[in-house]
$ cat model27.cif   # mmCIF, C-alpha atoms
data_model
#
loop_
_atom_site.label_atom_id
_atom_site.label_comp_id
_atom_site.auth_asym_id
_atom_site.auth_seq_id
_atom_site.Cartn_x
_atom_site.Cartn_y
_atom_site.Cartn_z
CA LEU T 1 8.89 15.84 14.03
CA SER T 2 6.18 13.22 14.43
CA ILE T 3 6.98 9.53 14.51
CA ARG T 4 5.51 9.27 11.04
CA ARG T 5 7.91 11.87 9.68
CA GLN T 6 10.86 10.21 11.38
CA ARG T 7 10.30 6.91 9.62
CA GLN T 8 12.87 6.34 6.92
CA MET T 9 11.41 6.75 3.44
CA CYS T 10 14.09 5.29 1.20
CA ILE T 11 12.94 3.95 -2.17
CA ARG T 12 15.28 1.88 -4.30
CA ASP T 13 16.57 3.64 -7.39
CA SER T 14 15.35 0.66 -9.37
CA ILE T 15 11.67 1.57 -9.01
CA LEU T 16 10.10 1.20 -12.42
CA ILE T 17 7.24 3.09 -13.93
CA LEU T 18 5.70 1.09 -16.77
CA PRO T 19 4.50 3.04 -19.79
CA LEU T 20 0.90 2.42 -18.78
CA CYS T 21 1.60 3.63 -15.26
CA LEU T 22 2.46 7.27 -15.85
CA LEU T 23 0.52 8.42 -12.83
CA LEU T 24 0.96 12.10 -13.48
CA LEU T 25 -1.68 14.72 -12.91
CA CYS T 26 -3.56 15.77 -16.01
CA GLY T 27 -4.15 19.49 -16.21
CA GLY T 28 -7.06 19.01 -18.60
CA CYS T 29 -8.98 16.40 -16.67
CA GLY T 30 -11.77 18.90 -16.04
CA LYS T 31 -14.18 16.72 -14.11
CA LYS T 32 -11.64 16.04 -11.35
CA SER T 33 -11.70 18.83 -8.78
CA SER T 34 -8.82 17.81 -6.53
CA THR T 35 -5.45 16.12 -6.51
CA ALA T 36 -6.88 13.28 -4.43
CA ALA T 37 -9.62 12.65 -6.99
CA ASN T 38 -7.04 12.41 -9.77
CA ILE T 39 -4.90 10.01 -7.74
CA GLN T 40 -7.83 7.78 -6.89
CA GLU T 41 -9.06 7.73 -10.49
CA GLN T 42 -5.65 6.54 -11.66
CA TYR T 43 -5.30 3.88 -8.97
CA SER T 44 -8.84 2.60 -9.57
CA ARG T 45 -7.57 1.51 -13.02
CA VAL T 46 -4.61 -0.57 -11.83
CA ALA T 47 -4.84 -3.87 -13.70
CA THR T 48 -1.67 -5.46 -12.31
CA ALA T 49 1.05 -4.35 -9.92
CA GLN T 50 4.32 -5.66 -8.56
CA MET T 51 5.37 -4.44 -5.12
CA GLU T 52 8.12 -5.03 -2.61
CA ALA T 53 7.92 -3.52 0.85
CA GLU T 54 9.22 -3.70 4.36
CA VAL T 55 6.05 -4.27 6.36
CA THR T 56 6.04 -3.86 10.15
CA PHE T 57 3.41 -5.28 12.48
CA HIS T 58 3.14 -3.04 15.55
CA THR T 59 2.00 -4.60 18.82
CA PRO T 60 2.10 -3.22 22.39
CA GLN T 61 4.92 -5.65 23.15
CA GLU T 62 7.13 -5.34 20.06
CA ASP T 63 7.42 -4.49 16.37
CA ARG T 64 7.85 -7.33 13.90
CA SER T 65 9.16 -6.55 10.42
CA PHE T 66 8.90 -8.60 7.23
CA THR T 67 10.01 -8.06 3.66
CA LEU T 68 7.16 -8.93 1.32
CA GLN T 69 6.77 -9.23 -2.43
CA CYS T 70 3.26 -8.86 -3.84
CA THR T 71 1.73 -9.52 -7.23
CA PHE T 72 -1.58 -7.65 -7.30
CA THR T 73 -4.67 -7.85 -9.45
CA PRO T 74 -8.12 -6.59 -8.45
CA GLU T 75 -9.39 -10.18 -8.37
CA GLU T 76 -6.53 -11.96 -6.61
CA SER T 77 -3.15 -11.13 -5.11
CA THR T 78 -0.20 -13.28 -4.09
CA VAL T 79 2.16 -12.24 -1.29
CA THR T 80 5.51 -13.95 -0.60
CA VAL T 81 7.67 -13.45 2.48
CA THR T 82 11.37 -13.00 1.60
CA ALA T 83 12.64 -12.03 5.08
CA PRO T 84 13.27 -12.82 7.89
CA GLU T 85 14.81 -16.21 7.22
CA THR T 86 12.58 -17.97 9.77
CA VAL T 87 9.47 -17.41 7.62
CA LYS T 88 11.07 -17.01 4.19
CA GLY T 89 9.03 -18.72 1.49
CA VAL T 90 5.64 -18.41 3.16
CA THR T 91 3.08 -17.32 0.57
CA ALA T 92 -0.45 -16.02 0.92
CA THR T 93 -3.24 -15.60 -1.59
CA VAL T 94 -5.88 -12.93 -1.10
CA SER T 95 -8.97 -13.51 -3.22
CA GLY T 96 -12.13 -11.55 -2.47
CA GLU T 97 -12.86 -12.11 1.20
CA GLU T 98 -10.71 -15.23 1.47
CA LEU T 99 -7.11 -15.47 2.67
CA THR T 100 -5.03 -18.65 2.34
CA ILE T 101 -1.46 -19.27 3.48
CA ALA T 102 0.86 -21.83 1.89
CA TYR T 103 4.15 -23.20 3.20
CA ASP T 104 6.13 -26.28 2.14
CA GLY T 105 3.30 -27.38 -0.11
CA ALA T 106 0.63 -27.19 2.59
CA VAL T 107 -2.27 -24.80 2.11
CA LEU T 108 -4.24 -23.45 5.07
CA SER T 109 -7.30 -21.25 4.97
CA ALA T 110 -6.78 -18.18 7.14
CA GLY T 111 -10.39 -17.05 6.89
CA SER T 112 -11.65 -13.58 6.06
CA VAL T 113 -9.34 -10.72 5.14
CA GLY T 114 -11.18 -8.89 7.90
CA ARG T 115 -8.42 -10.38 10.04
CA PHE T 116 -6.08 -7.68 8.87
CA GLY T 117 -2.34 -8.12 9.23
CA PRO T 118 0.99 -7.73 7.43
CA VAL T 119 0.25 -10.42 4.85
CA ASN T 120 -2.68 -8.57 3.27
CA ALA T 121 -1.46 -5.01 3.86
CA LEU T 122 -0.14 -4.46 0.32
CA PRO T 123 -3.30 -5.56 -1.54
CA CYS T 124 -5.35 -3.52 0.94
CA LEU T 125 -3.12 -0.51 0.25
CA LEU T 126 -3.88 -0.44 -3.47
CA GLN T 127 -7.56 -1.07 -2.88
CA ALA T 128 -7.68 1.78 -0.38
CA ILE T 129 -5.96 4.25 -2.72
CA GLY T 130 -8.22 3.29 -5.61
CA SER T 131 -11.58 3.06 -3.90
CA GLY T 132 -11.31 4.01 -0.22
CA TYR T 133 -13.44 6.87 1.06
CA LEU T 134 -11.24 9.95 1.38
CA LEU T 135 -11.09 11.27 4.94
CA GLU T 136 -8.24 13.78 4.69
CA GLU T 137 -5.65 15.04 2.24
CA GLY T 138 -2.54 17.17 2.53
CA ARG T 139 1.02 17.68 1.33
CA GLU T 140 4.20 17.00 3.30
CA THR T 141 7.93 16.60 2.86
CA LEU T 142 9.11 13.17 4.04
CA GLU T 143 12.88 12.90 4.13
CA ASP T 144 13.81 14.70 0.90
CA ALA T 145 10.63 13.81 -0.98
CA ASP T 146 7.69 16.09 -1.63
CA CYS T 147 4.61 13.92 -1.05
CA TYR T 148 0.85 14.00 -1.18
CA ARG T 149 -0.71 12.51 1.95
CA LEU T 150 -4.11 10.82 1.78
CA THR T 151 -6.05 9.30 4.68
CA LEU T 152 -8.65 6.80 3.52
CA ASP T 153 -11.22 4.43 4.95
CA ALA T 154 -9.65 1.00 4.43
CA THR T 155 -12.09 -1.10 6.47
CA ALA T 156 -11.38 -4.79 5.77
CA GLY T 157 -14.30 -7.10 6.46
CA ASP T 158 -15.35 -6.43 10.05
CA THR T 159 -12.09 -4.64 10.92
CA PRO T 160 -12.42 -0.81 10.91
CA LEU T 161 -9.20 0.62 9.47
CA LYS T 162 -7.79 3.92 8.31
CA CYS T 163 -4.99 3.98 5.77
CA THR T 164 -2.67 6.98 5.50
CA VAL T 165 -0.43 6.86 2.43
CA TRP T 166 2.32 9.17 1.25
CA LEU T 167 2.74 9.35 -2.54
CA ASP T 168 5.63 10.98 -4.36
CA ALA T 169 4.37 14.32 -5.67
CA GLU T 170 6.23 13.93 -8.97
CA THR T 171 5.42 10.33 -9.90
CA LEU T 172 2.41 9.64 -7.61
CA LEU T 173 4.00 6.32 -6.64
CA PRO T 174 3.38 5.18 -3.05
CA ARG T 175 6.36 5.57 -0.73
CA TYR T 176 5.02 4.79 2.73
CA ALA T 177 1.73 3.84 4.39
CA GLU T 178 0.26 3.29 7.82
CA PHE T 179 -2.88 1.36 8.77
CA ALA T 180 -4.52 2.39 12.02
CA ALA T 181 -7.30 0.91 14.15
CA ASP T 182 -8.71 2.91 17.06
CA ASP T 183 -6.13 5.63 16.31
CA ALA T 184 -3.22 3.22 16.88
CA VAL T 185 -0.93 2.24 14.00
CA VAL T 186 -1.09 -1.53 13.61
CA VAL T 187 0.78 -2.02 10.32
CA SER T 188 3.20 0.22 8.43
CA ALA T 189 4.74 -0.36 5.00
CA LYS T 190 7.83 1.21 3.46
CA LEU T 191 7.72 0.62 -0.29
CA LEU T 192 11.00 -0.62 -1.75
CA ALA T 193 9.85 -1.18 -5.34
CA PHE T 194 6.64 -0.60 -7.29
CA SER T 195 5.50 -1.01 -10.88
CA CYS T 196 2.07 -1.34 -12.42
CA ALA T 197 -0.03 -1.35 -15.57
CA LEU T 198 -3.32 0.50 -15.96
CA GLN T 199 -6.56 -0.41 -17.65
CA GLU T 200 -7.75 1.93 -20.36
CA PRO T 201 -10.17 4.54 -18.99
CA GLU T 202 -13.83 4.01 -19.73
CA GLN T 203 -15.14 6.18 -22.50
#

$ encode --input "model27.cif" --output "structure tokens"
Amino acid sequence: LSIRRQRQMCIRDSILILPLCLLLLCGGCGKKSSTAANIQEQYSRVATAQMEAEVTFHTPQEDRSFTLQCTFTPEESTVTVTAPETVKGVTATVSGEELTIAYDGAVLSAGSVGRFGPVNALPCLLQAIGSGYLLEEGRETLEDADCYRLTLDATAGDTPLKCTVWLDAETLLPRYAEFAADDAVVVSAKLLAFSCALQEPEQ
């Protein structure tokens, strides 16, 4: 098995699906010609989302893991570090092309989100699923879960990125994702909890 398949894909039993977030395929959608198109149409309508994930920053020297909680809206997202203890409480706000980091009341501009890293991985994940250019799609079993796999262009600012995400085939909720630059995985995210609400589709 590949390294990707070997990564543990556990999702807490407490994952919630809000009534407005029944991301199930619609057999009568007509205009949508593929599973990926249906998934992207649904995620393009996410109005708000709550996520928790174990996010790992992969470097040639070591892997660094963080547990992050994210409140997402298309306009602005807030990310809070809950583990490890050494950086617990650090928060970041992603708004448009700006990224700010706050800690102990101090706020520091971190510049453009083109400087991709763990702190903005979760907002970038939802943006990629909803509006990223589809590069590849498939279907795989990860652990015991039947999943759709999408690879999308997730370029952030001046940072070329590809995002590969595995979504549960039954619920279409994201379970795991990898962001790669120059064919090397730089950030991976194992989703621990996810809930969202959708905007009404345009008539």

$ resolve_selection --input "model27.cif" --expression "the PyMOL selection byres ((chain T and resi 48-51) around 7)" --output "list in words"
Val46, Ala47, Glu52, Ala53, Gln69, Cys70, Thr71, Phe72, Thr73, Ala193, Phe194, Ser195, Cys196 and Ala197 of chain T

$ write_last_selection --input "model27.cif" --atoms "C-alpha atoms" --output "PDB file, keeping the file's coordinate frame"
ATOM      1  CA  VAL T  46      -4.610  -0.570 -11.830  1.00  0.00           C
ATOM      2  CA  ALA T  47      -4.840  -3.870 -13.700  1.00  0.00           C
ATOM      3  CA  GLU T  52       8.120  -5.030  -2.610  1.00  0.00           C
ATOM      4  CA  ALA T  53       7.920  -3.520   0.850  1.00  0.00           C
ATOM      5  CA  GLN T  69       6.770  -9.230  -2.430  1.00  0.00           C
ATOM      6  CA  CYS T  70       3.260  -8.860  -3.840  1.00  0.00           C
ATOM      7  CA  THR T  71       1.730  -9.520  -7.230  1.00  0.00           C
ATOM      8  CA  PHE T  72      -1.580  -7.650  -7.300  1.00  0.00           C
ATOM      9  CA  THR T  73      -4.670  -7.850  -9.450  1.00  0.00           C
ATOM     10  CA  ALA T 193       9.850  -1.180  -5.340  1.00  0.00           C
ATOM     11  CA  PHE T 194       6.640  -0.600  -7.290  1.00  0.00           C
ATOM     12  CA  SER T 195       5.500  -1.010 -10.880  1.00  0.00           C
ATOM     13  CA  CYS T 196       2.070  -1.340 -12.420  1.00  0.00           C
ATOM     14  CA  ALA T 197      -0.030  -1.350 -15.570  1.00  0.00           C
TER      15      ALA T 197
END

$ resolve_selection --input "model27.cif" --expression "the PyMOL selection byres ((chain T and resi 149) around 9)" --output "PyMOL selection string"
chain T and resi 36+136-140+147-148+150-151+164-167

$ closest_residue --input "model27.cif" --among "T:Thr86, T:Gln42, T:Ser188, T:Gln61" --to "Lys162 of chain T" --atoms "all atoms listed in the file"
T:Ser188

$ atom_distance --input "model27.cif" --atom1 "atom CA of Asp153 of chain T" --atom2 "atom CA of Tyr43 of chain T"
15.1 Å

$ atom_distance --input "model27.cif" --atom1 "atom CA of Leu142 of chain T" --atom2 "atom CA of Ala121 of chain T"
21.0 Å

$ atom_distance --input "model27.cif" --atom1 "atom CA of Glu143 of chain T" --atom2 "atom CA of Thr155 of chain T"
28.7 Å

$ build_atoms --input "model27.cif" --residues "segment 66-77 of chain T" --atoms "all heavy atoms" --output "short mmCIF file (atom, residue, chain, number, x, y, z; two decimals), in the coordinates of the input"
data_model
loop_
_atom_site.label_atom_id
_atom_site.label_comp_id
_atom_site.auth_asym_id
_atom_site.auth_seq_id
_atom_site.Cartn_x
_atom_site.Cartn_y
_atom_site.Cartn_z
N PHE T 66 8.79 -7.59 8.27
CA PHE T 66 8.90 -8.60 7.23
C PHE T 66 9.16 -7.89 5.90
O PHE T 66 8.67 -6.78 5.68
CB PHE T 66 7.59 -9.41 7.10
CG PHE T 66 7.10 -9.99 8.40
CD1 PHE T 66 6.28 -9.25 9.25
CD2 PHE T 66 7.45 -11.28 8.77
CE1 PHE T 66 5.83 -9.78 10.45
CE2 PHE T 66 7.00 -11.82 9.97
CZ PHE T 66 6.18 -11.07 10.81
N THR T 67 9.89 -8.54 5.02
CA THR T 67 10.01 -8.06 3.66
C THR T 67 9.09 -8.91 2.79
O THR T 67 9.18 -10.14 2.81
CB THR T 67 11.46 -8.16 3.15
OG1 THR T 67 12.31 -7.40 4.01
CG2 THR T 67 11.57 -7.61 1.73
N LEU T 68 8.19 -8.25 2.09
CA LEU T 68 7.16 -8.93 1.32
C LEU T 68 7.23 -8.52 -0.15
O LEU T 68 7.50 -7.37 -0.47
CB LEU T 68 5.77 -8.60 1.85
CG LEU T 68 5.50 -8.84 3.34
CD1 LEU T 68 4.09 -8.41 3.69
CD2 LEU T 68 5.72 -10.30 3.70
N GLN T 69 6.97 -9.49 -1.02
CA GLN T 69 6.77 -9.23 -2.43
C GLN T 69 5.33 -9.56 -2.78
O GLN T 69 4.80 -10.58 -2.33
CB GLN T 69 7.72 -10.05 -3.29
CG GLN T 69 9.18 -9.65 -3.13
CD GLN T 69 10.11 -10.48 -3.98
OE1 GLN T 69 9.77 -11.58 -4.41
NE2 GLN T 69 11.30 -9.97 -4.23
N CYS T 70 4.69 -8.69 -3.55
CA CYS T 70 3.26 -8.86 -3.84
C CYS T 70 3.01 -8.70 -5.33
O CYS T 70 3.48 -7.74 -5.95
CB CYS T 70 2.44 -7.84 -3.06
SG CYS T 70 0.66 -7.87 -3.43
N THR T 71 2.27 -9.65 -5.88
CA THR T 71 1.73 -9.52 -7.23
C THR T 71 0.24 -9.27 -7.09
O THR T 71 -0.50 -10.11 -6.56
CB THR T 71 1.98 -10.80 -8.05
OG1 THR T 71 3.38 -11.02 -8.17
CG2 THR T 71 1.38 -10.67 -9.45
N PHE T 72 -0.20 -8.11 -7.54
CA PHE T 72 -1.58 -7.65 -7.30
C PHE T 72 -2.39 -7.64 -8.58
O PHE T 72 -1.92 -7.22 -9.64
CB PHE T 72 -1.56 -6.24 -6.73
CG PHE T 72 -2.91 -5.58 -6.65
CD1 PHE T 72 -3.71 -5.73 -5.52
CD2 PHE T 72 -3.39 -4.81 -7.70
CE1 PHE T 72 -4.96 -5.14 -5.45
CE2 PHE T 72 -4.64 -4.21 -7.65
CZ PHE T 72 -5.42 -4.37 -6.52
N THR T 73 -3.62 -8.14 -8.49
CA THR T 73 -4.67 -7.85 -9.45
C THR T 73 -5.93 -7.57 -8.65
O THR T 73 -6.02 -7.97 -7.48
CB THR T 73 -4.95 -9.02 -10.42
OG1 THR T 73 -5.58 -10.09 -9.71
CG2 THR T 73 -3.67 -9.52 -11.09
N PRO T 74 -6.91 -6.87 -9.22
CA PRO T 74 -8.12 -6.59 -8.45
C PRO T 74 -8.85 -7.85 -7.98
O PRO T 74 -9.53 -7.83 -6.95
CB PRO T 74 -8.99 -5.80 -9.45
CG PRO T 74 -8.01 -5.17 -10.37
CD PRO T 74 -6.90 -6.19 -10.52
N GLU T 75 -8.68 -8.95 -8.72
CA GLU T 75 -9.39 -10.18 -8.37
C GLU T 75 -8.63 -11.03 -7.35
O GLU T 75 -9.23 -11.65 -6.47
CB GLU T 75 -9.65 -11.03 -9.63
CG GLU T 75 -10.59 -10.39 -10.63
CD GLU T 75 -9.87 -9.33 -11.47
OE1 GLU T 75 -8.62 -9.40 -11.59
OE2 GLU T 75 -10.57 -8.43 -12.01
N GLU T 76 -7.31 -11.08 -7.47
CA GLU T 76 -6.53 -11.96 -6.61
C GLU T 76 -5.10 -11.46 -6.50
O GLU T 76 -4.53 -10.97 -7.48
CB GLU T 76 -6.54 -13.39 -7.16
CG GLU T 76 -5.81 -14.40 -6.30
CD GLU T 76 -5.96 -15.82 -6.83
OE1 GLU T 76 -7.03 -16.43 -6.58
OE2 GLU T 76 -5.05 -16.30 -7.52
N SER T 77 -4.53 -11.56 -5.33
CA SER T 77 -3.15 -11.13 -5.11
C SER T 77 -2.38 -12.24 -4.41
O SER T 77 -2.93 -13.00 -3.61
CB SER T 77 -3.10 -9.86 -4.25
OG SER T 77 -3.78 -8.80 -4.89
#
